[in-house]
>>> print(open('model_24.txt').read())   # compact mmCIF, N, CA and C atoms and all ligand atoms
# COMPACT_ATOMS: atom_id res chain seq x y z
N MET O 1 8.81 3.92 0.08
CA MET O 1 7.67 4.32 -0.74
C MET O 1 7.54 5.85 -0.79
N GLU O 2 7.03 6.34 -1.90
CA GLU O 2 6.82 7.77 -2.08
C GLU O 2 5.49 8.17 -1.44
N VAL O 3 5.48 9.27 -0.71
CA VAL O 3 4.22 9.79 -0.17
C VAL O 3 3.85 11.04 -0.96
N THR O 4 2.66 11.03 -1.54
CA THR O 4 2.21 12.20 -2.30
C THR O 4 1.55 13.19 -1.36
N ARG O 5 2.12 14.37 -1.29
CA ARG O 5 1.57 15.39 -0.41
C ARG O 5 0.51 16.21 -1.14
N ILE O 6 -0.52 16.56 -0.41
CA ILE O 6 -1.63 17.34 -0.95
C ILE O 6 -1.60 18.70 -0.26
N GLU O 7 -1.43 19.75 -1.05
CA GLU O 7 -1.33 21.07 -0.43
C GLU O 7 -2.68 21.77 -0.50
N PRO O 8 -3.40 21.87 0.64
CA PRO O 8 -4.67 22.58 0.59
C PRO O 8 -4.41 24.05 0.32
N GLN O 9 -5.40 24.70 -0.26
CA GLN O 9 -5.30 26.16 -0.42
C GLN O 9 -5.60 26.79 0.94
N ARG O 10 -4.78 27.72 1.35
CA ARG O 10 -5.01 28.39 2.64
C ARG O 10 -5.12 29.89 2.40
N ILE O 11 -6.22 30.47 2.88
CA ILE O 11 -6.46 31.90 2.73
C ILE O 11 -6.72 32.46 4.12
N GLY O 12 -6.12 33.56 4.43
CA GLY O 12 -6.36 34.14 5.75
C GLY O 12 -6.44 35.64 5.68
N ASP O 13 -7.22 36.21 6.57
CA ASP O 13 -7.22 37.66 6.74
C ASP O 13 -7.50 37.95 8.21
N SER O 14 -7.78 39.17 8.55
CA SER O 14 -7.91 39.55 9.96
C SER O 14 -9.08 38.82 10.65
N ARG O 15 -10.01 38.28 9.87
CA ARG O 15 -11.17 37.59 10.46
C ARG O 15 -10.87 36.14 10.79
N GLY O 16 -9.77 35.60 10.21
CA GLY O 16 -9.47 34.18 10.43
C GLY O 16 -9.05 33.53 9.14
N GLY O 17 -9.06 32.20 9.10
CA GLY O 17 -8.49 31.51 7.95
C GLY O 17 -9.49 30.60 7.25
N LEU O 18 -9.11 30.21 6.07
CA LEU O 18 -9.84 29.22 5.27
C LEU O 18 -8.87 28.15 4.83
N LEU O 19 -9.30 26.90 4.87
CA LEU O 19 -8.52 25.80 4.28
C LEU O 19 -9.44 25.18 3.23
N ILE O 20 -8.93 25.07 2.01
CA ILE O 20 -9.80 24.68 0.89
C ILE O 20 -9.18 23.51 0.13
N VAL O 21 -10.01 22.49 -0.13
CA VAL O 21 -9.58 21.41 -1.01
C VAL O 21 -10.70 21.20 -2.04
N GLU O 22 -10.31 20.95 -3.27
CA GLU O 22 -11.29 20.79 -4.35
C GLU O 22 -10.95 19.56 -5.18
N ALA O 23 -11.99 18.78 -5.50
CA ALA O 23 -11.79 17.59 -6.32
C ALA O 23 -11.16 17.97 -7.64
N HIS O 24 -10.16 17.17 -8.02
CA HIS O 24 -9.44 17.31 -9.29
C HIS O 24 -8.62 18.60 -9.38
N LYS O 25 -8.56 19.37 -8.28
CA LYS O 25 -7.60 20.49 -8.23
C LYS O 25 -6.47 20.07 -7.32
N ASN O 26 -6.75 19.98 -6.01
CA ASN O 26 -5.69 19.44 -5.15
C ASN O 26 -6.02 18.06 -4.59
N VAL O 27 -7.20 17.53 -4.90
CA VAL O 27 -7.54 16.15 -4.51
C VAL O 27 -7.73 15.34 -5.80
N PRO O 28 -6.96 14.27 -6.00
CA PRO O 28 -6.94 13.62 -7.32
C PRO O 28 -8.05 12.60 -7.54
N PHE O 29 -9.26 12.89 -7.07
CA PHE O 29 -10.40 12.00 -7.35
C PHE O 29 -11.69 12.75 -7.03
N ASP O 30 -12.82 12.18 -7.45
CA ASP O 30 -14.13 12.70 -7.04
C ASP O 30 -14.31 12.40 -5.57
N ILE O 31 -14.72 13.36 -4.79
CA ILE O 31 -14.89 13.14 -3.34
C ILE O 31 -16.33 12.69 -3.10
N LYS O 32 -16.48 11.43 -2.63
CA LYS O 32 -17.83 10.92 -2.39
C LYS O 32 -18.19 10.89 -0.90
N ARG O 33 -17.18 11.00 -0.06
CA ARG O 33 -17.43 10.87 1.39
C ARG O 33 -16.37 11.67 2.14
N VAL O 34 -16.81 12.33 3.20
CA VAL O 34 -15.89 13.04 4.10
C VAL O 34 -16.19 12.57 5.50
N TYR O 35 -15.16 12.20 6.26
CA TYR O 35 -15.38 11.90 7.67
C TYR O 35 -14.22 12.43 8.49
N CYS O 36 -14.48 12.60 9.78
CA CYS O 36 -13.46 13.12 10.68
C CYS O 36 -13.22 12.16 11.82
N ILE O 37 -11.99 12.04 12.23
CA ILE O 37 -11.62 11.25 13.40
C ILE O 37 -11.27 12.27 14.49
N HIS O 38 -11.95 12.19 15.63
CA HIS O 38 -11.80 13.23 16.66
C HIS O 38 -12.09 12.62 18.02
N GLY O 39 -11.92 13.41 19.06
CA GLY O 39 -12.20 12.93 20.42
C GLY O 39 -11.30 11.77 20.79
N LEU O 40 -10.03 11.89 20.45
CA LEU O 40 -9.12 10.74 20.56
C LEU O 40 -8.50 10.66 21.94
N ASN O 41 -8.20 9.45 22.37
CA ASN O 41 -7.58 9.27 23.69
C ASN O 41 -6.28 8.49 23.57
N ASN O 42 -5.55 8.81 22.52
CA ASN O 42 -4.21 8.25 22.27
C ASN O 42 -4.20 6.74 22.09
N MET O 43 -5.31 6.19 21.60
CA MET O 43 -5.28 4.78 21.18
C MET O 43 -5.09 4.75 19.67
N SER O 44 -4.16 3.93 19.23
CA SER O 44 -3.85 3.86 17.80
C SER O 44 -5.07 3.39 17.01
N ARG O 45 -5.17 3.83 15.75
CA ARG O 45 -6.31 3.48 14.88
C ARG O 45 -5.79 3.08 13.51
N GLY O 46 -6.72 2.77 12.65
CA GLY O 46 -6.37 2.39 11.28
C GLY O 46 -6.17 0.89 11.22
N PHE O 47 -4.94 0.46 10.95
CA PHE O 47 -4.59 -0.96 10.85
C PHE O 47 -5.44 -1.64 9.77
N HIS O 48 -5.48 -1.00 8.62
CA HIS O 48 -6.16 -1.63 7.48
C HIS O 48 -5.64 -1.01 6.18
N ALA O 49 -5.95 -1.70 5.09
CA ALA O 49 -5.74 -1.15 3.75
C ALA O 49 -7.08 -1.24 3.02
N HIS O 50 -7.17 -0.58 1.89
CA HIS O 50 -8.38 -0.66 1.06
C HIS O 50 -8.04 -1.25 -0.29
N LYS O 51 -8.92 -2.11 -0.78
CA LYS O 51 -8.70 -2.73 -2.09
C LYS O 51 -8.78 -1.70 -3.20
N GLU O 52 -9.73 -0.77 -3.13
CA GLU O 52 -9.94 0.20 -4.21
C GLU O 52 -9.97 1.65 -3.74
N LEU O 53 -10.37 1.87 -2.50
CA LEU O 53 -10.61 3.24 -2.02
C LEU O 53 -9.32 4.07 -2.00
N LYS O 54 -9.46 5.32 -2.45
CA LYS O 54 -8.37 6.30 -2.34
C LYS O 54 -8.81 7.36 -1.34
N GLN O 55 -7.84 7.88 -0.60
CA GLN O 55 -8.18 8.86 0.42
C GLN O 55 -7.16 9.99 0.47
N VAL O 56 -7.61 11.12 0.97
CA VAL O 56 -6.69 12.20 1.34
C VAL O 56 -6.94 12.49 2.82
N MET O 57 -5.86 12.56 3.59
CA MET O 57 -5.95 12.78 5.03
C MET O 57 -5.36 14.15 5.34
N ILE O 58 -6.11 14.95 6.08
CA ILE O 58 -5.65 16.30 6.45
C ILE O 58 -5.85 16.46 7.95
N CYS O 59 -4.83 16.93 8.63
CA CYS O 59 -4.92 17.14 10.08
C CYS O 59 -5.44 18.56 10.32
N LEU O 60 -6.61 18.67 10.93
CA LEU O 60 -7.23 19.99 11.14
C LEU O 60 -6.84 20.60 12.47
N SER O 61 -6.37 19.74 13.40
CA SER O 61 -6.01 20.23 14.73
C SER O 61 -5.13 19.21 15.42
N GLY O 62 -4.29 19.65 16.36
CA GLY O 62 -3.44 18.71 17.10
C GLY O 62 -2.42 18.04 16.21
N SER O 63 -2.03 16.84 16.59
CA SER O 63 -0.99 16.14 15.82
C SER O 63 -1.14 14.64 15.98
N CYS O 64 -0.54 13.91 15.06
CA CYS O 64 -0.47 12.45 15.15
C CYS O 64 0.64 11.96 14.24
N ARG O 65 0.93 10.68 14.36
CA ARG O 65 1.97 10.03 13.53
C ARG O 65 1.26 8.99 12.66
N VAL O 66 1.48 9.11 11.36
CA VAL O 66 0.83 8.19 10.42
C VAL O 66 1.89 7.27 9.81
N VAL O 67 1.62 5.98 9.82
CA VAL O 67 2.49 5.00 9.18
C VAL O 67 1.80 4.54 7.90
N LEU O 68 2.52 4.64 6.78
CA LEU O 68 2.01 4.13 5.50
C LEU O 68 2.92 3.00 5.04
N ASP O 69 2.33 1.92 4.58
CA ASP O 69 3.09 0.71 4.28
C ASP O 69 2.56 0.13 2.96
N SER O 70 3.44 0.04 1.96
CA SER O 70 3.04 -0.50 0.65
C SER O 70 3.14 -2.01 0.60
N GLY O 71 3.64 -2.61 1.68
CA GLY O 71 3.94 -4.05 1.66
C GLY O 71 5.38 -4.31 1.33
N LEU O 72 6.03 -3.32 0.71
CA LEU O 72 7.46 -3.42 0.37
C LEU O 72 8.30 -2.47 1.22
N SER O 73 7.71 -1.31 1.57
CA SER O 73 8.43 -0.38 2.44
C SER O 73 7.43 0.45 3.24
N ARG O 74 7.94 1.05 4.31
CA ARG O 74 7.12 1.81 5.25
C ARG O 74 7.59 3.24 5.32
N LYS O 75 6.69 4.16 5.60
CA LYS O 75 7.06 5.57 5.79
C LYS O 75 6.27 6.11 6.97
N GLU O 76 6.90 6.96 7.76
CA GLU O 76 6.21 7.59 8.89
C GLU O 76 6.11 9.08 8.62
N ILE O 77 4.94 9.64 8.92
CA ILE O 77 4.73 11.06 8.69
C ILE O 77 4.12 11.65 9.95
N ILE O 78 4.70 12.74 10.44
CA ILE O 78 4.09 13.47 11.55
C ILE O 78 3.15 14.51 10.94
N MET O 79 1.90 14.48 11.38
CA MET O 79 0.92 15.41 10.80
C MET O 79 0.45 16.39 11.87
N ASN O 80 0.30 17.63 11.46
CA ASN O 80 -0.33 18.63 12.33
C ASN O 80 -1.00 19.67 11.43
N TRP O 81 -1.54 20.69 12.06
CA TRP O 81 -2.32 21.68 11.32
C TRP O 81 -1.52 22.34 10.21
N LYS O 82 -0.21 22.48 10.45
CA LYS O 82 0.61 23.20 9.47
C LYS O 82 1.04 22.31 8.31
N SER O 83 0.99 20.98 8.51
CA SER O 83 1.52 20.11 7.46
C SER O 83 0.53 19.96 6.31
N ASP O 84 1.08 19.58 5.17
CA ASP O 84 0.23 19.27 4.01
C ASP O 84 -0.61 18.03 4.32
N GLY O 85 -1.64 17.82 3.51
CA GLY O 85 -2.36 16.56 3.58
C GLY O 85 -1.56 15.46 2.89
N ILE O 86 -2.00 14.23 3.04
CA ILE O 86 -1.33 13.13 2.34
C ILE O 86 -2.37 12.35 1.53
N PHE O 87 -1.94 11.93 0.35
CA PHE O 87 -2.76 11.07 -0.50
C PHE O 87 -2.44 9.62 -0.13
N ILE O 88 -3.48 8.84 0.14
CA ILE O 88 -3.29 7.42 0.46
C ILE O 88 -3.98 6.62 -0.63
N ASP O 89 -3.17 6.02 -1.47
CA ASP O 89 -3.69 5.27 -2.62
C ASP O 89 -4.33 3.97 -2.15
N LYS O 90 -5.03 3.28 -3.05
CA LYS O 90 -5.52 1.94 -2.73
C LYS O 90 -4.34 1.02 -2.42
N MET O 91 -4.60 -0.02 -1.68
CA MET O 91 -3.58 -1.02 -1.33
C MET O 91 -2.38 -0.42 -0.59
N ILE O 92 -2.68 0.50 0.33
CA ILE O 92 -1.65 1.01 1.25
C ILE O 92 -2.15 0.75 2.68
N TRP O 93 -1.36 0.02 3.44
CA TRP O 93 -1.68 -0.23 4.85
C TRP O 93 -1.42 1.04 5.64
N ARG O 94 -2.39 1.46 6.49
CA ARG O 94 -2.18 2.68 7.27
C ARG O 94 -2.44 2.44 8.76
N GLU O 95 -1.62 3.10 9.55
CA GLU O 95 -1.80 3.09 11.01
C GLU O 95 -1.64 4.53 11.48
N MET O 96 -2.46 4.91 12.46
CA MET O 96 -2.34 6.25 13.05
C MET O 96 -2.04 6.09 14.53
N HIS O 97 -0.96 6.75 14.99
CA HIS O 97 -0.48 6.62 16.36
C HIS O 97 -0.25 8.00 16.98
N ASP O 98 -0.02 8.00 18.28
CA ASP O 98 0.44 9.20 19.02
C ASP O 98 -0.47 10.40 18.82
N PHE O 99 -1.78 10.15 18.90
CA PHE O 99 -2.73 11.27 18.76
C PHE O 99 -2.61 12.22 19.95
N SER O 100 -2.56 13.51 19.69
CA SER O 100 -2.77 14.46 20.77
C SER O 100 -4.27 14.48 21.07
N ASN O 101 -4.64 14.91 22.28
CA ASN O 101 -6.07 14.87 22.66
C ASN O 101 -6.93 15.74 21.75
N ASP O 102 -6.32 16.81 21.22
CA ASP O 102 -7.08 17.73 20.38
C ASP O 102 -6.96 17.40 18.89
N CYS O 103 -6.44 16.21 18.59
CA CYS O 103 -6.24 15.88 17.17
C CYS O 103 -7.58 15.70 16.46
N VAL O 104 -7.70 16.33 15.31
CA VAL O 104 -8.85 16.10 14.42
C VAL O 104 -8.29 15.81 13.03
N LEU O 105 -8.60 14.63 12.53
CA LEU O 105 -8.18 14.26 11.17
C LEU O 105 -9.40 14.29 10.27
N MET O 106 -9.28 14.96 9.14
CA MET O 106 -10.35 14.94 8.14
C MET O 106 -9.91 14.02 7.01
N ILE O 107 -10.80 13.13 6.62
CA ILE O 107 -10.48 12.20 5.53
C ILE O 107 -11.48 12.38 4.40
N LEU O 108 -10.94 12.60 3.22
CA LEU O 108 -11.74 12.71 2.01
C LEU O 108 -11.58 11.38 1.28
N ALA O 109 -12.70 10.78 0.88
CA ALA O 109 -12.64 9.43 0.32
C ALA O 109 -13.27 9.40 -1.06
N SER O 110 -12.74 8.51 -1.89
CA SER O 110 -13.19 8.43 -3.29
C SER O 110 -14.48 7.64 -3.44
N ASP O 111 -14.95 7.02 -2.35
CA ASP O 111 -16.18 6.22 -2.48
C ASP O 111 -16.92 6.19 -1.14
N TRP O 112 -18.14 5.68 -1.20
CA TRP O 112 -18.94 5.52 0.02
C TRP O 112 -18.34 4.40 0.86
N TYR O 113 -18.77 4.32 2.09
CA TYR O 113 -18.28 3.28 3.00
C TYR O 113 -18.73 1.91 2.52
N ARG O 114 -17.78 0.98 2.43
CA ARG O 114 -18.08 -0.40 2.02
C ARG O 114 -17.12 -1.31 2.78
N GLU O 115 -17.63 -2.05 3.75
CA GLU O 115 -16.75 -2.88 4.59
C GLU O 115 -15.99 -3.91 3.73
N SER O 116 -16.61 -4.36 2.62
CA SER O 116 -15.95 -5.38 1.79
C SER O 116 -14.69 -4.85 1.09
N ASP O 117 -14.51 -3.53 1.10
CA ASP O 117 -13.30 -2.95 0.50
C ASP O 117 -12.12 -2.96 1.47
N TYR O 118 -12.39 -3.27 2.75
CA TYR O 118 -11.32 -3.23 3.77
C TYR O 118 -10.51 -4.52 3.75
N ILE O 119 -9.21 -4.40 3.98
CA ILE O 119 -8.34 -5.54 4.34
C ILE O 119 -7.87 -5.23 5.75
N ARG O 120 -8.35 -5.98 6.72
CA ARG O 120 -8.09 -5.62 8.12
C ARG O 120 -7.02 -6.49 8.77
N ALA O 121 -6.49 -7.47 8.04
CA ALA O 121 -5.42 -8.32 8.60
C ALA O 121 -4.14 -8.07 7.80
N TYR O 122 -3.05 -7.73 8.51
CA TYR O 122 -1.80 -7.39 7.81
C TYR O 122 -1.30 -8.57 6.98
N GLU O 123 -1.46 -9.79 7.50
CA GLU O 123 -0.99 -10.99 6.79
C GLU O 123 -1.73 -11.12 5.45
N GLU O 124 -3.04 -10.86 5.48
CA GLU O 124 -3.84 -10.93 4.24
C GLU O 124 -3.37 -9.85 3.26
N PHE O 125 -3.07 -8.65 3.78
CA PHE O 125 -2.58 -7.56 2.94
C PHE O 125 -1.30 -7.98 2.21
N ILE O 126 -0.36 -8.58 2.95
CA ILE O 126 0.92 -8.99 2.35
C ILE O 126 0.69 -10.07 1.29
N VAL O 127 -0.23 -11.01 1.56
CA VAL O 127 -0.53 -12.06 0.57
C VAL O 127 -1.03 -11.41 -0.72
N ILE O 128 -1.94 -10.43 -0.62
CA ILE O 128 -2.52 -9.80 -1.81
C ILE O 128 -1.45 -9.00 -2.56
N VAL O 129 -0.58 -8.28 -1.81
CA VAL O 129 0.52 -7.52 -2.45
C VAL O 129 1.40 -8.49 -3.24
N ASN O 130 1.76 -9.62 -2.63
CA ASN O 130 2.64 -10.58 -3.31
C ASN O 130 1.96 -11.21 -4.52
N GLU O 131 0.64 -11.47 -4.41
CA GLU O 131 -0.10 -12.01 -5.56
C GLU O 131 -0.06 -11.02 -6.73
N LYS O 132 -0.23 -9.73 -6.41
CA LYS O 132 -0.23 -8.70 -7.46
C LYS O 132 1.15 -8.63 -8.12
N ILE O 133 2.22 -8.71 -7.31
CA ILE O 133 3.58 -8.65 -7.87
C ILE O 133 3.80 -9.85 -8.79
N THR O 134 3.38 -11.03 -8.33
CA THR O 134 3.57 -12.26 -9.14
C THR O 134 2.79 -12.16 -10.44
N SER O 135 1.54 -11.69 -10.38
CA SER O 135 0.74 -11.64 -11.61
C SER O 135 1.29 -10.58 -12.56
N GLU O 136 1.87 -9.48 -12.03
CA GLU O 136 2.48 -8.47 -12.91
C GLU O 136 3.72 -9.02 -13.59
N MET O 137 4.48 -9.87 -12.86
CA MET O 137 5.72 -10.43 -13.43
C MET O 137 5.41 -11.45 -14.53
N THR O 138 4.28 -12.16 -14.39
CA THR O 138 3.95 -13.21 -15.36
C THR O 138 3.07 -12.69 -16.49
N ALA O 139 2.62 -11.42 -16.39
CA ALA O 139 1.72 -10.87 -17.42
C ALA O 139 2.49 -10.60 -18.71
P1 LIG Y 1 -12.61 2.09 11.11
O1 LIG Y 1 -12.45 2.36 9.66
O2 LIG Y 1 -12.25 0.74 11.64
O3 LIG Y 1 -11.83 3.18 11.96
P2 LIG Y 1 -10.30 3.69 11.90
O4 LIG Y 1 -9.75 3.30 10.57
O5 LIG Y 1 -10.39 5.16 12.10
O6 LIG Y 1 -9.58 3.03 13.02
O7 LIG Y 1 -14.14 2.41 11.47
C1 LIG Y 1 -14.69 2.21 12.77
C2 LIG Y 1 -16.14 1.77 12.61
O8 LIG Y 1 -16.91 2.77 11.93
C3 LIG Y 1 -16.27 0.48 11.82
O9 LIG Y 1 -17.28 -0.30 12.42
C4 LIG Y 1 -16.74 0.94 10.45
C5 LIG Y 1 -17.52 2.22 10.76
N1 LIG Y 1 -17.48 3.20 9.67
C6 LIG Y 1 -18.62 3.50 8.96
O10 LIG Y 1 -19.72 2.95 9.21
N2 LIG Y 1 -18.56 4.42 7.95
C7 LIG Y 1 -17.41 5.06 7.63
O11 LIG Y 1 -17.38 5.91 6.70
C8 LIG Y 1 -16.20 4.72 8.37
C9 LIG Y 1 -14.90 5.39 8.04
C10 LIG Y 1 -16.29 3.81 9.37
>>> encode(input="model_24.txt", output="structure tokens")
Amino acid sequence: MEVTRIEPQRIGDSRGGLLIVEAHKNVPFDIKRVYCIHGLNNMSRGFHAHKELKQVMICLSGSCRVVLDSGLSRKEIIMNWKSDGIFIDKMIWREMHDFSNDCVLMILASDWYRESDYIRAYEEFIVIVNEKITSEMTA
């Protein structure tokens, strides 16, 4: 699967740096929610997909390994402060592993939190992916 990288704007001078992301400039949706994952103790997280939600993930500190899975193929990305952000489209299974203690992930989301948008069982995710493929083939 292809991973779309999001390049934040970075500006720096003798006082320090700025990292900037703007809706419809380097983030391909209206940003309705921002949350951060922090204070990690190296327990893996994620293990879900979203039916509609789109997200951009940016590592603000430390490092982690992100697994993205379309149901047909998987990709692993090591993220740290220097790496670009990643765009995570709807219907992509994600797992985050190998967090450093100082890891901070910022997530920009296209919608407010809605538990009904989550697919939290991998088997259910695969069933929905296969249903979509079948309906596209018969359309
Ligand atoms: P979850 O999405 O399972 O965490 P992660 O994907 O990082 O492993 O979220 C953990 C809990 O927090 C879960 O009960 C849902 C809740 N939550 C909210 O209430 N609002 C939010 O915006 C998010 C992301 C999670």
>>> residues_around(input="model_24.txt", residues="segment 77-80 of chain O", least_positions_apart="2", cutoff="6.5 Å", atoms="all atoms listed in the file", output="list in words")
Cys59, Leu60, Ser61, Gly62, Ser63, Cys64, Arg65, Val66, Val67, Leu68, Lys75, Lys82 and Ser83 of chain O
>>> select_by_dssp(input="model_24.txt", residues="segment 40-129 of chain O", states="helix (DSSP H, G or I)", output="list in words")
Glu115, Ser116, Asp117, Tyr122, Glu123, Glu124, Phe125, Ile126, Val127, Ile128 and Val129 of chain O
>>> residues_near_ligand(input="model_24.txt", ligand="ligand LIG 1 (chain Y)", cutoff="6 Å", atoms="all atoms listed in the file", output="list in words")
Arg45, Gly46, Phe47 and Tyr113 of chain O
>>> atom_distance(input="model_24.txt", atom1="atom CA of Arg114 of chain O", atom2="atom CA of Lys25 of chain O")
25.5 Å
>>> atom_distance(input="model_24.txt", atom1="atom CA of Ser116 of chain O", atom2="atom CA of Met91 of chain O")
13.5 Å
>>> select_by_dssp(input="model_24.txt", residues="chain O", states="strand (DSSP E or B)", output="ChimeraX atom specification")
/O:4-6,9-13,16-20,23,27,33-37,45-50,55-61,63-69,74-80,85-88,93-97,104-109,118-119
>>> closest_residue(input="model_24.txt", among="O:Ala139, O:Val129, O:Ser44, O:Arg120", to="Asp98 of chain O", atoms="all atoms listed in the file")
O:Ser44
>>> atom_distance(input="model_24.txt", atom1="atom C of Tyr35 of chain O", atom2="atom N of Leu108 of chain O")
6.2 Å
>>> closest_residue(input="model_24.txt", among="O:Met1, O:Ile128, O:Cys36, O:Ala109", to="Ala23 of chain O", atoms="only C-alpha atoms")
O:Ala109
>>> residues_around(input="model_24.txt", residues="Lys54 of chain O", least_positions_apart="6", cutoff="6.5 Å", atoms="only N, CA and C atoms", output="CSV table (one decimal) with N, CA and C atoms, keeping the file's coordinate frame")
chain,number,residue,atom,x,y,z
O,88,ILE,N,-3.5,8.8,0.1
O,88,ILE,CA,-3.3,7.4,0.5
O,88,ILE,C,-4.0,6.6,-0.6
O,89,ASP,N,-3.2,6.0,-1.5
O,89,ASP,CA,-3.7,5.3,-2.6
O,89,ASP,C,-4.3,4.0,-2.2
O,90,LYS,N,-5.0,3.3,-3.0
O,90,LYS,CA,-5.5,1.9,-2.7
O,90,LYS,C,-4.3,1.0,-2.4
O,108,LEU,N,-10.9,12.6,3.2
O,108,LEU,CA,-11.7,12.7,2.0
O,108,LEU,C,-11.6,11.4,1.3
O,109,ALA,N,-12.7,10.8,0.9
O,109,ALA,CA,-12.6,9.4,0.3
O,109,ALA,C,-13.3,9.4,-1.1
O,110,SER,N,-12.7,8.5,-1.9
O,110,SER,CA,-13.2,8.4,-3.3
O,110,SER,C,-14.5,7.6,-3.4
O,111,ASP,N,-15.0,7.0,-2.4
O,111,ASP,CA,-16.2,6.2,-2.5
O,111,ASP,C,-16.9,6.2,-1.1
>>> closest_residue(input="model_24.txt", among="O:Phe99, O:Phe29, O:Trp93, O:Trp81", to="Met43 of chain O", atoms="all atoms listed in the file")
O:Phe99
>>> closest_residue(input="model_24.txt", among="O:Gly85, O:Gly16, O:Cys103, O:Met57", to="Leu40 of chain O", atoms="all atoms listed in the file")
O:Cys103
>>> closest_residue(input="model_24.txt", among="O:Ile119, O:Asp13, O:Asp102, O:Leu53", to="His38 of chain O", atoms="all atoms listed in the file")
O:Asp102
>>> residues_near_point(input="model_24.txt", point="(-1.4, 22.9, 2.1)", cutoff="10 Å", atoms="only C-alpha atoms", output="PyMOL selection string")
chain O and resi 5-10+19-21+26+58+81-86
>>> closest_residue(input="model_24.txt", among="O:Leu72, O:Ala49, O:Val56, O:Val104", to="Glu124 of chain O", atoms="only C-alpha atoms")
O:Ala49
>>> build_atoms(input="model_24.txt", residues="segment 107-112 of chain O", atoms="all heavy atoms", output="tab-separated table (two decimals), in the frame of the given file")
chain	number	residue	atom	x	y	z
O	107	ILE	N	-10.80	13.13	6.62
O	107	ILE	CA	-10.48	12.20	5.53
O	107	ILE	C	-11.48	12.38	4.40
O	107	ILE	O	-12.70	12.34	4.61
O	107	ILE	CB	-10.46	10.74	6.03
O	107	ILE	CG1	-9.26	10.53	6.97
O	107	ILE	CG2	-10.29	9.76	4.87
O	107	ILE	CD1	-9.57	10.43	8.36
O	108	LEU	N	-10.94	12.60	3.22
O	108	LEU	CA	-11.74	12.71	2.01
O	108	LEU	C	-11.58	11.38	1.28
O	108	LEU	O	-10.47	10.90	1.11
O	108	LEU	CB	-11.22	13.84	1.13
O	108	LEU	CG	-10.92	15.15	1.85
O	108	LEU	CD1	-10.24	16.14	0.92
O	108	LEU	CD2	-12.20	15.75	2.41
O	109	ALA	N	-12.70	10.78	0.88
O	109	ALA	CA	-12.64	9.43	0.32
O	109	ALA	C	-13.27	9.40	-1.06
O	109	ALA	O	-14.21	10.14	-1.36
O	109	ALA	CB	-13.35	8.45	1.26
O	110	SER	N	-12.74	8.51	-1.89
O	110	SER	CA	-13.19	8.43	-3.29
O	110	SER	C	-14.48	7.64	-3.44
O	110	SER	O	-15.02	7.54	-4.55
O	110	SER	CB	-12.09	7.79	-4.16
O	110	SER	OG	-11.86	6.45	-3.75
O	111	ASP	N	-14.95	7.02	-2.35
O	111	ASP	CA	-16.18	6.22	-2.48
O	111	ASP	C	-16.92	6.19	-1.14
O	111	ASP	O	-16.38	6.57	-0.10
O	111	ASP	CB	-15.83	4.79	-2.93
O	111	ASP	CG	-16.95	4.16	-3.74
O	111	ASP	OD1	-18.09	4.71	-3.74
O	111	ASP	OD2	-16.70	3.13	-4.38
O	112	TRP	N	-18.14	5.68	-1.20
O	112	TRP	CA	-18.94	5.52	0.02
O	112	TRP	C	-18.34	4.40	0.86
O	112	TRP	O	-17.53	3.61	0.39
O	112	TRP	CB	-20.39	5.19	-0.35
O	112	TRP	CG	-21.05	6.29	-1.13
O	112	TRP	CD1	-21.34	7.55	-0.69
O	112	TRP	CD2	-21.47	6.23	-2.50
O	112	TRP	NE1	-21.91	8.28	-1.69
O	112	TRP	CE2	-22.02	7.50	-2.81
O	112	TRP	CE3	-21.45	5.24	-3.48
O	112	TRP	CZ2	-22.54	7.80	-4.06
O	112	TRP	CZ3	-21.98	5.54	-4.73
O	112	TRP	CH2	-22.50	6.80	-5.01
